[in-house]
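Please read the structure below before turning to the comments.
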Amino acid sequence: MFPKPIEKSAPWVQTAYKLSLPIALILWLLPLIGIAMTSVRPAADLAAGNYFGMPSGFAGVENYSAVFKNSNIGYYILNSFKVTLPTVLFAVGLSCLSGFALAVYKFKSNLIVFFMFVAGNFVPFQILAIPVRDLSVQLGLYNTTMGLVMFHVAFQTGFCTLFMRNFIKSLPFALVESARVEGVSEFKIFWHIVLPLMRPAIAALSVLVFTFIWNDYFWATVMAQDASVKPVTAGMNELKGQYKVAWELISAASIIAALPPVAMFFLMQKHFIAGLTLGATKG
Amino acid sequence: MAQQAVRNSFWKTNQKALAPWLFLAPGMIMFLIYVIFPIIESIYISFFNWDGLAPAHISQLTSKEFVGLGNYRDLLDDDSFYTSLWNNLKWLVLYMLAVPIGLFVALFLNQKVPGIRLYKSLFFFPFVISQVVVGLLFSWFYAPGFGPLYAIIKSMTGSETAILASDTMATYGIILAGLWPQTAYCMILYLTGLNNINPEQVEAARMDGARGLTLLWNIILPQLRPATFIAIVVTVIGSLRSFDLVSIMTGGGPYGSTRVLSYFMFEQALSEYGTAMGYGAAIAFVLFAIMMIFISFFIYRMLQQERNS
């Protein structure tokens, strides 16, 4: 283990380490703690210049309900779910298929197709934006949830295929071989033998894609105009303009917008980290 | 009946050759339509002078006029282009700090004391939050008059600095905000890497008297190479993709000083007042070309790994 395990150090070093942990954490999360505190401050505090001191009272309920009452944030959150959940379902579904194809079959253009997915996944969004928006307009999908979902599914398929393909490659290939000898059809091999083993990968990808899509801002801005379509990231920009200096409301809205992916992360932490760090240990 | 039999035997004999393409078809068609073709189309558009009015009227765009490399020539005369390019370089260089800092935090947290798991997750926390929220958090952090950082700088130097309103400092302020989640990402990559280090090798090196930095440099870092590679890939790509923070924190200002290529393109072609499609496509292509240098290198490395395994 590196660095040297702290329990082998002198007692005072151990104590110092244990003390330094919470201090480092508070410093690290200072912007977040600040926003959380601000979101429960009465507006009068801010007007009186009390930004750091103890809040003069707890106004959390007022602030949060004010945000819901006089802004569209409820719709924005709902829109985000309407975009995110179908995207997760279809992106993960399609990439189970394509990842399987690239991991199990040897054919000439296998690596070319694979690297097309990998490279496409890294390109800047701006090189796609004009044609994608144009295409969406022509298909009647501009400024619709469906338009956003279609694009996200297609784009995420790149990353998801990379992920699935590498995961399936790490499974024992003998399983597929022996099924083939028995005469099991290719689709049944996928459905009955490989897919059940992919559960951890499916879980990991789902949480990752959920977070990526929920947090997407660029496409939310480019592809959605109306409050009935706008995801919460694009909506936040609007709220920022609406509230201007009412930081207690902006803070509360920020916390609300951040909550779903944060909840997802804490509930599915193991899968989330497994997904994110795939490839960090081997290769 | 006979036809059915023929079809069956055709399927039987060619199943293994056809199956991969059937499995690939749905994902690949989507990817071609929404990613590969648009790249080509954007490059094509960049050779035209093409003005649209607003997104709502996109279908009634004015006709395109072929201008060859005209848009690219205009870019070379555009000061905003150089500002953006220069800022992209700042992003690229400074963003790389996330890698060593991430390693440092990972080393700090790689212990087994009670509650350490919770500490690790809380340190990772910034990465889970959307950049829009990160941008708002830091805007508040820097806010003149009451932002904590503003107050700290004032108490230390006595000067009143509004970081995001200063055309010399705003970009650095935004990059610092970006480093926060990016460092968390690199940290988690390194924590996983450290978890998988070969303990016997480390012990053997310790027996030989290797300590501290020597041990880190000669034994630990070589074993962390896969983590370092991925950390560099995601950091380079992340730095060149930077858009959200610029848009939220300054909107390219003050005086366009925080523009990066991605945001400059957005202003020109996609925003409410952006109508220059051809010009925007040319900017996007420049950014794309820069990123392709890195992407090609990554792909080359991955290809080598594929060949070795």
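Going through the structure tokens in order, the chains are called A, B, and so on, while each chain numbers its residues from 1 and the ligands are numbered from 1 in the order shown.
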For this session: From a DSSP pass on the backbone, collect the residues of region 14-259 of chain B flagged as helix (DSSP H, G or I) and hand them back as number ranges by chain.
Result: B: 14-45, 55-60, 70-76, 79-95, 98-109, 116-127, 131-142, 148-157, 163-165, 170-195, 199-207, 212-223, 225-241, 244-249
Problem set entry | Test item: residues at most 7 Å from Val153 (chain A), only C-alpha atoms, excluding those fewer than 5 positions along its chain, as a list in words | Thr87, Phe90 and Ala91 of chain A
For this session: With a distance cut-off of 12 Å and only C-alpha atoms, select the neighbouring residues of Glu200 (chain B), excluding the residue or stretch itself and same-chain residues fewer than 4 positions from it, and output the selection as a count of residues only.
Result: 9
Could you list, with a cut-off of 8 Å and counting only C-alpha atoms, the residues of region 106-129 of chain A near region 24-39 of chain B, each shown with its nearest atom pair and the distance in Å rounded to one decimal, rows sorted by chain and ascending number, as a tab-separated table?
```
residue	atom	partner	partner_atom	distance
A:Phe117	CA	B:Phe31	CA	7.8
A:Gly120	CA	B:Val35	CA	6.6
A:Ile127	CA	B:Ile39	CA	5.8
A:Leu128	CA	B:Pro38	CA	5.2
A:Ala129	CA	B:Pro38	CA	7.9
```
For this session: Rank A:Ala224, A:Leu205, A:Leu162, A:Val262 by their smallest atom-to-atom distance to chain B, using only C-alpha atoms, and report the top residue only.
Result: A:Val262
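Among A:Ile273, A:Val118, A:Val222, A:Leu32, the residue with the shortest atom-to-atom distance to Ala201 (chain A), counting only C-alpha atoms, is A:Ile273.
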Problem set entry | Best match for closeness to Ala282 (chain B) among B:Leu270, B:Leu75, B:Ala19, B:Val99, counting only C-alpha atoms |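 Under the stated criterion, the closest residue is B:Leu75.
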For this session: Would you mind listing what lies within 8 Å of Leu240 (chain B) as a VMD selection string, with only C-alpha atoms counted and same-chain residues fewer than 6 positions away left out?
Result: (chain A and resid 124) or (chain B and resid 88 91 to 92 262 287 291)
